[in-house]
Structure formats: structure tokens, C-alpha cells
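Here the structure comes first, spelled out in C-alpha cells, and everything after it is commentary.
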Amino acid sequence: MDSVPGLGELIQRLRLYKAPPPPDDDDDGGGEGMEEDVDERGKVFTSAAIADSSSSSPRPQRFRPKRAAVLICLFVGDCGELRVILTKRSRNLSTHSGEVSLPGGKAEDGDKDDAGTATREAKEEIGLDPSLVTIAAVLEPFLSKHLLRVVPVVGILSDKHAFQPRLNASEVEILFDAPLKMFLKDKNHRSEEREWMGEKFLIHYFNFETEKKQFVIWGLTAGILIHAASVVYQQPPSFTEQRPKYRIPRYIKGNCTMP
């Protein structure tokens with residue numbers, strides 16, 4: 001069994017966590033200098049510089065990606081271990097259908113902040129009342145190739161029995177949970193090495209079985225959970241993450257595309 005501190009102590013410690021600023025950070029809220037990137041299928045890799053496809057392009061414009069947030073909702077399992085709530089997306093969705101993901105989605109005008117986005121989406125997808133969740137930390141954002149800035153928000157569900165799931169069938173097929181610490185262990189883990197723009201990186205996969213159902217947790221979701229587990233347990237994973245270092249420019253010119 002992987003013991004965890006009391007939830008109050010854990011919340012207090014996580015609230016002290018400060019995501020390190022990216023290089024050359026500025027005063028617009030940060031987090032847009034060097035981020036992680038995902039492709040259209042949710043595979044995670046460190047973001048590459050956006051290519052300028054026109055040397056005669058107009059004056060550069062400020063690079064401001066659209067925002068999204070996901071909820072890393074943690075609770076204490078029956079054996080005293082920290083567990084995270086996950087979903088399997090509906091097979092009827094046009095993108096990422098049937099994949100494992102964290103509750104979350106794009107920010108809307110009425111959202112107060114990233115935590116507001118994450119908890120609102122969790123309520124819409126799985127019926128999780130935001131009042132049941134204590135926000136503990138906001139982690140480093142992930143930036144998609146489609147210019148979507150995804151912020152992981154760590155929340156604590158102190159009373160798991162108060163949560164009565166109501167799945168939005170159009171978005172979620174299955175709700176389940178997994179031990180958070182599994183994302184630091186090499187057991188049931190594999191990775192694939194890829195190369196992009198001369199830099200090598202790893203895509204991580206975790207096989208998980210519960211109640212005779214088998215799931216593969218990979219790509220963006222796996223990358224976020226590896227980092228979240230490292231922050232919560234204050235230790236690195238037992239395997240190599242292999243994150244290349246690219247930089248996204250603050251300004252974009254003309255017709256710009258990501259390879």
C-alpha cells in the first residue's frame with residue numbers, strides 16, 4: 001500500500017507549489033514561453049517553435065493560445081492510497097473517441113479562472129459538484145499544436161461517498177479511478193521513442209485493469225499524470241520521461257503552421 005499524508009496536510013503542501021516560470025517569461029500571466037505540446041490525437045511532446053511560412057508577412061502579432069483546463073481529482077481509496085478520477089470518452093465523439101482522459105475542456109467567458117473551467121467541465125461531464133472539490137494546486141500548462149493551452153488543476157475530493165456520478169452519455173462512456181502512484185512506476189508502463197525537428201521524445205502508455213475492464217492511459221493524459229504524481233509524491237518517476245526542450249515564440253507572423 002502507498003501511504004499518503006492526511007488530506008489537510010496534502011492540500012496545505014500543494015498550495016505552496018509554484019510552477020517554475022518558462023525562460024524569458026513576461027508580465028502577461030506567464031506559461032507561454034516553453035510549454036508541452038500535444039498532437040491532434042493527444043500525444044504529448046515538448047512544444048516546437050511555430051514555423052514562419054512567409055518571410056514577407058505582416059507585423060508580428062502577440063501569441064495568445066486559447067485556454068482549456070483539466071481536473072486531476074484525487075481522493076483516498078479504501079486501502080488508504082491516493083486515487084485519481086478518469087473517464088473513457090464516448091465512442092460517438094468526433095475526436096479522441098474511446099480514449100482515456102481527465103475531466104475538462106475549453107474555457108468559457110463565464111469561468112473565473114482555470115479551476116473554474118476544470119470544475120465546471122467535471123460537473124457537466126460526470127456530475128461532480130464543484131463544492132465537493134478543494135482546489136489544491138495549478139500545475140504547468142500543456143500547449144497543443146492547435147494552440148490550446150491546457151492547464152492541469154489538482155483538486156481534492158475529501159468525501160468520496162458524497163459524489164454521486166451522473167455521466168453525460170454524449171461525452172463519457174465509463175467513469176473509473178486509478179492509483180496516482182502507478183504513474184511513477186515502471187510496472188505496466190511502456191514508452192515509444194519518436195523524433196520531431198531533430199529532437200527525440202517519449203510517448204508514455206500505462207495499462208490498467210479494474211473490474212475486469214482494461215484501459216490504456218497514454219499521451220496527454222499520461223504526461224499530465226506523471227507530472228502530477230511527481231509533484232504530489234515529491235519524487236521523479238522510475239522511468240525516463242525524455243522531454244526535449246523547444247521554445248514557442250511569443251509572437252507569430254502571417255500564415256504560421258505547426259509541423
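By convention here, the chains of the C-alpha cells are called A, B, ... in the order presented, each chain's residues are numbered starting at 1, and ligands are numbered starting at 1 in the order presented.
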Can you check which residues of segment 53-169 of chain A DSSP gives as helix (DSSP H, G or I) on the backbone and send them as a CSV table (one decimal) with N, CA and C atoms, in the first residue's frame?
chain,number,residue,atom,x,y,z
A,114,ASP,N,-8.8,29.0,-14.3
A,114,ASP,CA,-8.6,27.7,-14.7
A,114,ASP,C,-9.3,26.7,-13.9
A,115,ALA,N,-9.3,26.9,-12.6
A,115,ALA,CA,-10.0,26.0,-11.6
A,115,ALA,C,-11.5,26.0,-11.9
A,116,GLY,N,-12.0,27.2,-12.3
A,116,GLY,CA,-13.5,27.3,-12.6
A,116,GLY,C,-13.8,26.5,-13.9
A,117,THR,N,-12.9,26.6,-14.8
A,117,THR,CA,-13.1,25.8,-16.1
A,117,THR,C,-13.1,24.3,-15.8
A,118,ALA,N,-12.1,23.9,-15.0
A,118,ALA,CA,-11.9,22.4,-14.8
A,118,ALA,C,-13.1,21.9,-14.0
A,119,THR,N,-13.6,22.6,-13.0
A,119,THR,CA,-14.7,22.1,-12.2
A,119,THR,C,-16.0,22.2,-12.9
A,120,ARG,N,-16.2,23.2,-13.7
A,120,ARG,CA,-17.4,23.3,-14.5
A,120,ARG,C,-17.5,22.1,-15.5
A,121,GLU,N,-16.4,21.9,-16.1
A,121,GLU,CA,-16.4,20.8,-17.1
A,121,GLU,C,-16.6,19.4,-16.4
A,122,ALA,N,-16.0,19.2,-15.2
A,122,ALA,CA,-16.2,18.0,-14.5
A,122,ALA,C,-17.7,17.8,-14.1
A,123,LYS,N,-18.4,18.9,-13.7
A,123,LYS,CA,-19.8,18.8,-13.4
A,123,LYS,C,-20.6,18.4,-14.6
A,124,GLU,N,-20.3,19.1,-15.8
A,124,GLU,CA,-21.0,18.8,-17.0
A,124,GLU,C,-20.8,17.3,-17.5
A,125,GLU,N,-19.6,16.8,-17.3
A,125,GLU,CA,-19.2,15.5,-17.9
A,125,GLU,C,-19.6,14.4,-16.9
A,126,ILE,N,-19.4,14.5,-15.6
A,126,ILE,CA,-19.6,13.4,-14.7
A,126,ILE,C,-20.5,13.7,-13.5
A,130,PRO,N,-18.9,21.0,-7.9
A,130,PRO,CA,-17.6,21.8,-7.5
A,130,PRO,C,-17.5,22.0,-6.0
A,131,SER,N,-18.6,22.1,-5.3
A,131,SER,CA,-18.5,22.4,-3.9
A,131,SER,C,-17.9,21.2,-3.1
A,132,LEU,N,-17.8,20.0,-3.7
A,132,LEU,CA,-17.2,18.9,-3.1
A,132,LEU,C,-15.7,18.8,-3.3
A,160,LYS,N,-15.6,11.0,-0.7
A,160,LYS,CA,-15.9,10.4,-2.0
A,160,LYS,C,-17.3,9.8,-2.0
A,161,HIS,N,-17.9,9.5,-0.9
A,161,HIS,CA,-19.2,9.0,-0.8
A,161,HIS,C,-20.3,10.1,-1.2
A,162,ALA,N,-19.9,11.3,-1.0
A,162,ALA,CA,-20.8,12.4,-1.4
A,162,ALA,C,-20.9,12.6,-2.9
Exercise for the section: Name the residues in contact with Thr210 of chain A at a cut-off of 9 Å, using only C-alpha atoms, excluding same-chain residues fewer than 5 positions from it; report them as number ranges by chain. Expected result: A: 176-178, 215
Residues within 7 Å of Val151 of chain A, only C-alpha atoms, excluding chain neighbours under 4 positions, as a VMD selection string
chain A and resid 68 to 70 114 139 to 142
Next on the checklist: What does the structure give for the distance between atom CA of Ser191 of chain A and atom CA of Cys79 of chain A, in Å to one decimal?
Outcome noted: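 Going from atom CA of Ser191 of chain A over to atom CA of Cys79 of chain A, I get 28.8 Å.
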State, in Å with one decimal place, the distance from atom CA of Ser90 of chain A to atom CA of Lys181 of chain A.
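Straight-line distance from atom CA of Ser90 of chain A to atom CA of Lys181 of chain A works out to 26.2 Å.
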What separates atom CA of Arg149 of chain A and atom CA of Lys106 of chain A is a distance of 8.9 Å
Next item on the list: Please run DSSP on the backbone and report, as a VMD selection string, all residues within segment 52-225 of chain A that come out as strand (DSSP E or B).
Entry: chain A and resid 52 61 to 62 66 to 76 82 to 89 100 to 101 104 to 106 133 to 138 142 to 143 148 to 157 172 to 179 189 to 196 199 to 210 213 to 218
query = Near segment 225-233 of chain A, within 8 Å and counting only C-alpha atoms, which residues show up once chain neighbours fewer than 6 positions away are dropped, as a PyMOL selection string?
reply = chain A and resi 10+14+72+139+154+180-181+183-184
Restricting it to all heavy atoms, dump the selection as a JSON list (two decimals), in the first residue's frame.
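Below is the file part31.json, written as the result:
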[["chain", "number", "residue", "atom", "x", "y", "z"],
["A", 10, "LEU", "N", -1.80, 17.46, 2.91],
["A", 10, "LEU", "CA", -1.50, 17.41, 1.48],
["A", 10, "LEU", "C", -1.98, 18.68, 0.78],
["A", 10, "LEU", "O", -1.25, 19.26, -0.04],
["A", 10, "LEU", "CB", -2.18, 16.19, 0.85],
["A", 10, "LEU", "CG", -2.02, 16.03, -0.67],
["A", 10, "LEU", "CD1", -0.56, 15.87, -1.05],
["A", 10, "LEU", "CD2", -2.85, 14.86, -1.17],
["A", 14, "LEU", "N", 0.43, 21.28, -1.21],
["A", 14, "LEU", "CA", 0.24, 21.53, -2.63],
["A", 14, "LEU", "C", -0.03, 23.00, -2.91],
["A", 14, "LEU", "O", 0.34, 23.52, -3.97],
["A", 14, "LEU", "CB", -0.90, 20.67, -3.18],
["A", 14, "LEU", "CG", -0.61, 19.17, -3.32],
["A", 14, "LEU", "CD1", -1.85, 18.42, -3.77],
["A", 14, "LEU", "CD2", 0.54, 18.93, -4.28],
["A", 72, "ILE", "N", -7.58, 17.14, -12.13],
["A", 72, "ILE", "CA", -6.96, 15.96, -11.53],
["A", 72, "ILE", "C", -7.59, 15.81, -10.15],
["A", 72, "ILE", "O", -7.13, 16.38, -9.16],
["A", 72, "ILE", "CB", -5.44, 16.13, -11.42],
["A", 72, "ILE", "CG1", -4.83, 16.44, -12.79],
["A", 72, "ILE", "CG2", -4.79, 14.87, -10.82],
["A", 72, "ILE", "CD1", -3.38, 16.84, -12.75],
["A", 139, "LEU", "N", -0.98, 23.31, -11.99],
["A", 139, "LEU", "CA", 0.32, 22.87, -12.49],
["A", 139, "LEU", "C", 0.68, 23.55, -13.81],
["A", 139, "LEU", "O", -0.09, 24.30, -14.37],
["A", 139, "LEU", "CB", 0.33, 21.35, -12.66],
["A", 139, "LEU", "CG", -0.07, 20.54, -11.42],
["A", 139, "LEU", "CD1", 0.03, 19.04, -11.72],
["A", 139, "LEU", "CD2", 0.78, 20.91, -10.21],
["A", 154, "VAL", "N", -5.25, 20.52, -9.78],
["A", 154, "VAL", "CA", -5.33, 19.44, -8.80],
["A", 154, "VAL", "C", -6.41, 19.77, -7.76],
["A", 154, "VAL", "O", -6.35, 20.82, -7.11],
["A", 154, "VAL", "CB", -3.99, 19.22, -8.07],
["A", 154, "VAL", "CG1", -4.11, 18.08, -7.07],
["A", 154, "VAL", "CG2", -2.89, 18.92, -9.09],
["A", 180, "LEU", "N", -2.84, 6.98, -8.12],
["A", 180, "LEU", "CA", -1.99, 8.01, -8.68],
["A", 180, "LEU", "C", -0.54, 7.57, -8.79],
["A", 180, "LEU", "O", 0.16, 7.89, -9.76],
["A", 180, "LEU", "CB", -2.09, 9.29, -7.84],
["A", 180, "LEU", "CG", -1.25, 10.48, -8.34],
["A", 180, "LEU", "CD1", -1.76, 10.96, -9.69],
["A", 180, "LEU", "CD2", -1.27, 11.60, -7.32],
["A", 181, "LYS", "N", -0.09, 6.80, -7.82],
["A", 181, "LYS", "CA", 1.33, 6.46, -7.79],
["A", 181, "LYS", "C", 1.74, 5.52, -8.91],
["A", 181, "LYS", "O", 2.93, 5.37, -9.19],
["A", 181, "LYS", "CB", 1.71, 5.87, -6.43],
["A", 181, "LYS", "CG", 3.21, 6.01, -6.13],
["A", 181, "LYS", "CD", 3.54, 5.83, -4.67],
["A", 181, "LYS", "CE", 4.98, 6.26, -4.41],
["A", 181, "LYS", "NZ", 5.34, 6.13, -2.99],
["A", 183, "PHE", "N", 1.61, 6.07, -11.85],
["A", 183, "PHE", "CA", 2.20, 6.86, -12.92],
["A", 183, "PHE", "C", 3.66, 7.24, -12.63],
["A", 183, "PHE", "O", 4.28, 7.95, -13.43],
["A", 183, "PHE", "CB", 1.35, 8.10, -13.17],
["A", 183, "PHE", "CG", -0.04, 7.76, -13.61],
["A", 183, "PHE", "CD1", -1.10, 7.78, -12.71],
["A", 183, "PHE", "CD2", -0.28, 7.33, -14.91],
["A", 183, "PHE", "CE1", -2.38, 7.43, -13.11],
["A", 183, "PHE", "CE2", -1.55, 6.97, -15.31],
["A", 183, "PHE", "CZ", -2.60, 7.01, -14.42],
["A", 184, "LEU", "N", 4.19, 6.71, -11.53],
["A", 184, "LEU", "CA", 5.62, 6.86, -11.23],
["A", 184, "LEU", "C", 6.35, 5.52, -11.35],
["A", 184, "LEU", "O", 7.57, 5.48, -11.24],
["A", 184, "LEU", "CB", 5.82, 7.41, -9.81],
["A", 184, "LEU", "CG", 5.28, 8.81, -9.52],
["A", 184, "LEU", "CD1", 5.55, 9.18, -8.07],
["A", 184, "LEU", "CD2", 5.91, 9.84, -10.46]]
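Checking A:Gly198, A:Pro236, A:Gly104, A:Gly110 one by one against Glu171 of chain A, counting only C-alpha atoms, you find the shortest gap at A:Gly104.
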Using only C-alpha atoms, the best pick from A:Arg190, A:Arg89, A:Arg67, A:His204 as closest to Leu102 of chain A would be A:Arg89
For Arg83 of chain A, the closest of A:Gly219, A:Gly8, A:Pro237, A:Gly155 counting only C-alpha atoms is A:Gly155
Quiz item: Smallest atom-to-atom distance to Ile156 of chain A: which of A:Met182, A:Leu16, A:Ala222, A:Val133, using only C-alpha atoms?
Solution: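 Closest to Ile156 of chain A of all the choices is A:Val133.
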